[in-house]
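Participant: Sharing data-v3.cif below, mmCIF, C-alpha atoms:
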```cif
data_my_file
#
loop_
_atom_site.label_atom_id
_atom_site.label_comp_id
_atom_site.auth_asym_id
_atom_site.auth_seq_id
_atom_site.Cartn_x
_atom_site.Cartn_y
_atom_site.Cartn_z
CA MET A 28 -35.20 -155.35 -45.93
CA ARG A 29 -31.63 -155.79 -44.69
CA ASP A 30 -32.88 -157.02 -41.31
CA ASN A 31 -35.29 -159.45 -43.00
CA ARG A 32 -32.47 -161.05 -45.00
CA LEU A 33 -30.28 -161.13 -41.94
CA GLU A 34 -32.96 -163.01 -40.01
CA GLN A 35 -33.30 -165.52 -42.83
CA ILE A 36 -29.56 -166.11 -42.85
CA ARG A 37 -29.57 -166.44 -39.05
CA LYS A 38 -32.35 -169.02 -39.23
CA VAL A 39 -30.54 -171.09 -41.87
CA TRP A 40 -27.30 -170.87 -39.86
CA THR A 41 -28.94 -172.09 -36.64
CA ASP A 42 -30.62 -174.90 -38.54
CA ILE A 43 -27.34 -176.10 -40.04
CA PHE A 44 -24.95 -175.26 -37.15
CA PRO A 45 -26.96 -175.17 -33.93
CA ASP A 46 -23.86 -175.41 -31.70
CA TYR A 47 -22.08 -172.38 -33.21
CA PRO A 48 -23.18 -168.82 -32.61
CA PHE A 49 -24.11 -166.66 -35.57
CA ASN A 50 -21.48 -163.91 -35.69
CA TYR A 51 -21.39 -161.56 -38.63
CA GLU A 52 -19.70 -158.39 -39.75
CA PHE A 53 -20.53 -156.11 -42.65
CA LEU A 54 -17.70 -155.42 -45.06
CA ASP A 55 -18.39 -151.69 -45.27
CA ASP A 56 -18.20 -151.42 -41.47
CA LYS A 57 -14.91 -153.30 -41.50
CA TYR A 58 -13.45 -150.92 -44.11
CA ASN A 59 -14.75 -147.88 -42.24
CA ASN A 60 -13.09 -149.08 -39.03
CA GLN A 61 -9.86 -149.79 -40.89
CA TYR A 62 -9.66 -146.29 -42.41
CA ARG A 63 -11.07 -144.34 -39.48
CA LYS A 64 -7.57 -143.29 -38.44
CA GLU A 65 -6.86 -141.88 -41.90
CA LEU A 66 -10.16 -140.01 -41.94
CA THR A 67 -9.41 -138.49 -38.54
CA THR A 68 -5.90 -137.59 -39.66
CA GLY A 69 -7.33 -135.94 -42.79
CA ARG A 70 -9.74 -133.85 -40.74
CA LEU A 71 -6.94 -132.78 -38.38
CA ILE A 72 -4.70 -131.84 -41.30
CA LYS A 73 -7.47 -129.72 -42.84
CA PHE A 74 -8.16 -127.98 -39.53
CA PHE A 75 -4.53 -127.21 -38.74
CA SER A 76 -3.86 -126.16 -42.34
CA PHE A 77 -6.63 -123.60 -42.01
CA ILE A 78 -5.19 -122.36 -38.71
CA CYS A 79 -1.71 -122.15 -40.28
CA LEU A 80 -3.09 -120.24 -43.25
CA ILE A 81 -4.79 -117.68 -40.98
CA LEU A 82 -1.67 -117.30 -38.82
CA SER A 83 0.57 -116.89 -41.86
CA ILE A 84 -1.73 -114.20 -43.30
CA ILE A 85 -1.62 -112.38 -39.97
CA GLY A 86 2.18 -112.71 -39.94
CA VAL A 87 2.56 -111.40 -43.50
CA TRP A 88 0.18 -108.56 -42.64
CA GLY A 89 2.27 -107.64 -39.59
CA VAL A 90 5.60 -107.80 -41.40
CA SER A 91 4.29 -105.83 -44.38
CA SER A 92 2.78 -103.27 -42.01
CA SER A 93 6.13 -102.87 -40.26
CA ILE A 94 8.01 -102.48 -43.54
CA VAL A 95 5.48 -100.01 -44.91
CA ILE A 96 5.71 -97.90 -41.73
CA ARG A 97 9.51 -98.01 -41.93
CA LYS A 98 9.47 -96.97 -45.59
CA THR A 99 6.77 -94.31 -45.32
CA LYS A 100 9.22 -91.44 -45.79
CA GLU A 101 10.88 -93.20 -48.72
CA ILE A 102 7.47 -93.70 -50.33
CA GLY A 103 6.68 -90.02 -49.75
CA ILE A 104 9.93 -88.93 -51.38
CA ARG A 105 9.35 -91.24 -54.33
CA LYS A 106 5.85 -89.84 -54.81
CA VAL A 107 7.11 -86.26 -54.66
CA ASN A 108 9.67 -87.16 -57.33
CA GLY A 109 6.94 -88.55 -59.60
CA ALA A 110 6.64 -92.24 -58.80
CA LYS A 111 3.29 -93.80 -59.60
CA VAL A 112 1.32 -96.00 -57.20
CA ARG A 113 2.04 -99.14 -59.24
CA ASN A 114 5.81 -98.48 -59.00
CA ILE A 115 5.57 -98.23 -55.23
CA LEU A 116 3.45 -101.39 -55.03
CA LEU A 117 5.94 -103.21 -57.25
CA MET A 118 8.82 -102.08 -55.03
CA LEU A 119 7.13 -103.41 -51.89
CA ASN A 120 5.73 -106.62 -53.40
CA VAL A 121 8.94 -107.82 -55.07
CA SER A 122 10.77 -108.32 -51.78
CA PHE A 123 7.91 -110.37 -50.34
CA LEU A 124 7.59 -112.46 -53.48
CA ARG A 125 11.33 -113.21 -53.36
CA TRP A 126 10.96 -114.58 -49.85
CA CYS A 127 7.88 -116.51 -50.92
CA ILE A 128 9.79 -118.14 -53.79
CA ILE A 129 12.70 -119.03 -51.51
CA ALA A 130 10.30 -120.59 -48.99
CA PHE A 131 8.60 -122.52 -51.81
CA LEU A 132 11.93 -123.89 -53.05
CA LEU A 133 12.87 -124.99 -49.54
CA ALA A 134 9.48 -126.45 -48.60
CA THR A 135 8.78 -128.42 -51.77
CA PRO A 136 11.43 -131.16 -51.26
CA VAL A 137 10.50 -131.48 -47.59
CA ALA A 138 6.79 -131.84 -48.43
CA LEU A 139 7.59 -134.32 -51.21
CA TYR A 140 9.61 -136.44 -48.78
CA ILE A 141 6.96 -136.38 -46.04
CA VAL A 142 4.08 -137.20 -48.39
CA GLY A 143 6.16 -139.96 -50.00
CA LYS A 144 6.77 -141.54 -46.58
CA TRP A 145 3.09 -141.23 -45.72
CA PHE A 146 2.05 -142.93 -48.98
CA GLU A 147 4.32 -145.90 -48.20
CA ASN A 148 1.73 -147.05 -45.64
CA TYR A 149 -0.80 -147.86 -48.37
CA VAL A 150 -0.99 -150.96 -50.52
CA TYR A 151 -1.99 -149.11 -53.66
CA LYS A 152 0.50 -146.33 -54.18
CA THR A 153 0.01 -143.27 -56.31
CA ASN A 154 2.49 -140.80 -57.68
CA ILE A 155 2.49 -137.21 -56.53
CA SER A 156 1.96 -134.88 -59.47
CA TRP A 157 4.29 -131.92 -59.90
CA TRP A 158 1.43 -129.55 -60.69
CA ILE A 159 0.07 -129.88 -57.14
CA PHE A 160 3.21 -128.21 -55.77
CA ILE A 161 3.10 -125.52 -58.45
CA LEU A 162 -0.57 -124.86 -57.67
CA ALA A 163 0.16 -124.64 -53.93
CA GLY A 164 3.03 -122.24 -54.59
CA LEU A 165 0.84 -120.07 -56.81
CA ILE A 166 -1.93 -119.97 -54.21
CA VAL A 167 0.52 -118.98 -51.47
CA GLY A 168 2.10 -116.36 -53.73
CA PHE A 169 -1.33 -114.96 -54.56
CA ILE A 170 -2.29 -114.75 -50.88
CA VAL A 171 0.99 -113.00 -50.03
CA LEU A 172 0.58 -110.65 -52.99
CA ILE A 173 -2.96 -109.70 -52.01
CA THR A 174 -2.03 -109.23 -48.35
CA VAL A 175 0.98 -107.03 -49.07
CA THR A 176 -0.81 -105.09 -51.81
CA VAL A 177 -3.72 -104.19 -49.55
CA GLN A 178 -1.31 -102.94 -46.89
CA SER A 179 0.87 -101.08 -49.37
CA TRP A 180 -2.02 -99.58 -51.32
CA ARG A 181 -3.14 -97.49 -48.38
CA THR A 182 0.31 -96.02 -47.86
CA ALA A 183 0.94 -95.45 -51.57
CA ARG A 184 -2.36 -93.56 -51.95
CA ARG A 185 -1.71 -91.21 -49.04
CA ASN A 186 -0.62 -87.65 -49.52
CA PRO A 187 3.23 -87.53 -49.48
CA VAL A 188 3.09 -84.34 -47.42
CA GLU A 189 1.82 -86.34 -44.44
CA ALA A 190 4.89 -88.62 -44.58
CA LEU A 191 7.35 -85.76 -44.96
CA ARG A 192 5.75 -83.19 -42.65
CA TYR A 193 7.85 -83.98 -39.60
CA GLU A 194 11.14 -84.35 -41.46
#
```
What is this file in structure tokens?
Facilitator:
Amino acid sequence: MRDNRLEQIRKVWTDIFPDYPFNYEFLDDKYNNQYRKELTTGRLIKFFSFICLILSIIGVWGVSSSIVIRKTKEIGIRKVNGAKVRNILLMLNVSFLRWCIIAFLLATPVALYIVGKWFENYVYKTNISWWIFILAGLIVGFIVLITVTVQSWRTARRNPVEALRYE
């Protein structure tokens, strides 16, 4: 149906202006070409964000593993003295959450500045809502909490005799 109308328009054009070629462009194609760069940039940002998320989880896992190994004897002594598993998990998670909060407080102004500069390229500007940063911080905190808790849980559930045997 689109081709039929296009042929009718072409016929009328050649009847009225036989010396001029019939050149046309669809508006949706023009908009798609105009925003192709932004679509590609969006896909790249999503891809690299996923890669960064995986690498950061691996990094938190490695650091928490190192700290848990270093504090194995301390955890064993605490368990012998009556500490519960939740107390040990709280002890290990608080230090990671502190660093997570510090990183959030440092990264938020930088991200706000970068996104603000990026939005200056558009004709219709929008404001960046504060809840987006809070949501991102909560998601990152949750991921760190889960990662550290899984690593710490295994050590906190072990028999304290194993940690103190070679002391």
Participant: Spell out the residues picked by the PyMOL selection byres ((chain A and resi 173) around 12) here, as a list in words.
Facilitator: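 Selected by the PyMOL selection byres ((chain A and resi 173) around 12) in this file: Ile84, Val87, Trp88, Ser91, Leu116, Leu119, Asn120, Phe123, Leu124, Ile166, Val167, Gly168, Phe169, Ile170, Val171, Leu172, Thr174, Val175, Thr176, Val177, Gln178, Ser179 and Trp180 of chain A.
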Participant: Evaluating the PyMOL selection byres ((chain A and resi 160) around 10) on the displayed file yields which residues, as a PDB file with C-alpha atoms, keeping the file's coordinate frame?
Facilitator:
```
ATOM      1  CA  PHE A 131       8.600-122.520 -51.810  1.00  0.00           C
ATOM      2  CA  ALA A 134       9.480-126.450 -48.600  1.00  0.00           C
ATOM      3  CA  THR A 135       8.780-128.420 -51.770  1.00  0.00           C
ATOM      4  CA  PRO A 136      11.430-131.160 -51.260  1.00  0.00           C
ATOM      5  CA  ALA A 138       6.790-131.840 -48.430  1.00  0.00           C
ATOM      6  CA  LEU A 139       7.590-134.320 -51.210  1.00  0.00           C
ATOM      7  CA  ILE A 155       2.490-137.210 -56.530  1.00  0.00           C
ATOM      8  CA  SER A 156       1.960-134.880 -59.470  1.00  0.00           C
ATOM      9  CA  TRP A 157       4.290-131.920 -59.900  1.00  0.00           C
ATOM     10  CA  TRP A 158       1.430-129.550 -60.690  1.00  0.00           C
ATOM     11  CA  ILE A 159       0.070-129.880 -57.140  1.00  0.00           C
ATOM     12  CA  ILE A 161       3.100-125.520 -58.450  1.00  0.00           C
ATOM     13  CA  LEU A 162      -0.570-124.860 -57.670  1.00  0.00           C
ATOM     14  CA  ALA A 163       0.160-124.640 -53.930  1.00  0.00           C
ATOM     15  CA  GLY A 164       3.030-122.240 -54.590  1.00  0.00           C
ATOM     16  CA  LEU A 165       0.840-120.070 -56.810  1.00  0.00           C
ATOM     17  CA  ILE A 166      -1.930-119.970 -54.210  1.00  0.00           C
TER      18      ILE A 166
END
```
Participant: Take atom CA of Val90 of chain A and atom CA of Ile141 of chain A and report the distance between them in Å, one decimal.
Facilitator: 29.0 Å
Participant: Run the PyMOL selection byres ((chain A and resi 99) around 12) mentally over the shown coordinates, then write out the matched residues as a ChimeraX atom specification, using the chain letters and numbers from the document.
Facilitator: /A:91-98,100-106,115,119,178-194
Participant: Measure the distance from atom CA of Glu147 of chain A to atom CA of Ile78 of chain A in Å and round it to one decimal.
Facilitator: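 Separating atom CA of Glu147 of chain A from atom CA of Ile78 of chain A is a distance of 27.1 Å.
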Participant: One number please: atom CA of Thr68 of chain A to atom CA of Trp145 of chain A, in Å, one decimal.
Facilitator: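 Atom CA of Trp145 of chain A lies at a distance of 11.4 Å from atom CA of Thr68 of chain A.
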Participant: Would you mind putting back N, CA and C atoms on segment 144-156 of chain A, then writing it out as a PDB file, in the coordinates of the input?
Facilitator:
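Okay, selection-v1.pdb is ready:
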```
ATOM      1  N   LYS A 144       6.722-140.610 -47.727  1.00  0.00           N
ATOM      2  CA  LYS A 144       6.770-141.540 -46.580  1.00  0.00           C
ATOM      3  C   LYS A 144       5.370-141.914 -46.104  1.00  0.00           C
ATOM      4  N   TRP A 145       4.456-140.951 -46.153  1.00  0.00           N
ATOM      5  CA  TRP A 145       3.090-141.230 -45.720  1.00  0.00           C
ATOM      6  C   TRP A 145       2.418-142.211 -46.689  1.00  0.00           C
ATOM      7  N   PHE A 146       2.668-142.054 -47.979  1.00  0.00           N
ATOM      8  CA  PHE A 146       2.050-142.930 -48.980  1.00  0.00           C
ATOM      9  C   PHE A 146       2.609-144.352 -48.929  1.00  0.00           C
ATOM     10  N   GLU A 147       3.758-144.557 -48.303  1.00  0.00           N
ATOM     11  CA  GLU A 147       4.320-145.900 -48.200  1.00  0.00           C
ATOM     12  C   GLU A 147       3.462-146.819 -47.326  1.00  0.00           C
ATOM     13  N   ASN A 148       2.578-146.252 -46.519  1.00  0.00           N
ATOM     14  CA  ASN A 148       1.730-147.050 -45.640  1.00  0.00           C
ATOM     15  C   ASN A 148       0.578-147.721 -46.385  1.00  0.00           C
ATOM     16  N   TYR A 149       0.342-147.346 -47.629  1.00  0.00           N
ATOM     17  CA  TYR A 149      -0.800-147.860 -48.370  1.00  0.00           C
ATOM     18  C   TYR A 149      -0.363-148.941 -49.354  1.00  0.00           C
ATOM     19  N   VAL A 150      -1.269-149.868 -49.596  1.00  0.00           N
ATOM     20  CA  VAL A 150      -0.990-150.960 -50.520  1.00  0.00           C
ATOM     21  C   VAL A 150      -0.937-150.437 -51.949  1.00  0.00           C
ATOM     22  N   TYR A 151      -1.944-149.680 -52.323  1.00  0.00           N
ATOM     23  CA  TYR A 151      -1.990-149.110 -53.660  1.00  0.00           C
ATOM     24  C   TYR A 151      -1.370-147.716 -53.613  1.00  0.00           C
ATOM     25  N   LYS A 152      -0.230-147.600 -54.232  1.00  0.00           N
ATOM     26  CA  LYS A 152       0.500-146.330 -54.180  1.00  0.00           C
ATOM     27  C   LYS A 152       0.154-145.489 -55.404  1.00  0.00           C
ATOM     28  N   THR A 153       0.233-144.202 -55.226  1.00  0.00           N
ATOM     29  CA  THR A 153       0.010-143.270 -56.310  1.00  0.00           C
ATOM     30  C   THR A 153       1.184-142.303 -56.377  1.00  0.00           C
ATOM     31  N   ASN A 154       1.417-141.776 -57.531  1.00  0.00           N
ATOM     32  CA  ASN A 154       2.490-140.800 -57.680  1.00  0.00           C
ATOM     33  C   ASN A 154       1.965-139.405 -57.349  1.00  0.00           C
ATOM     34  N   ILE A 155       2.848-138.583 -56.852  1.00  0.00           N
ATOM     35  CA  ILE A 155       2.490-137.210 -56.530  1.00  0.00           C
ATOM     36  C   ILE A 155       2.788-136.367 -57.768  1.00  0.00           C
ATOM     37  N   SER A 156       1.792-135.681 -58.258  1.00  0.00           N
ATOM     38  CA  SER A 156       1.960-134.880 -59.470  1.00  0.00           C
ATOM     39  C   SER A 156       2.707-133.585 -59.144  1.00  0.00           C
TER      40      SER A 156
END
```
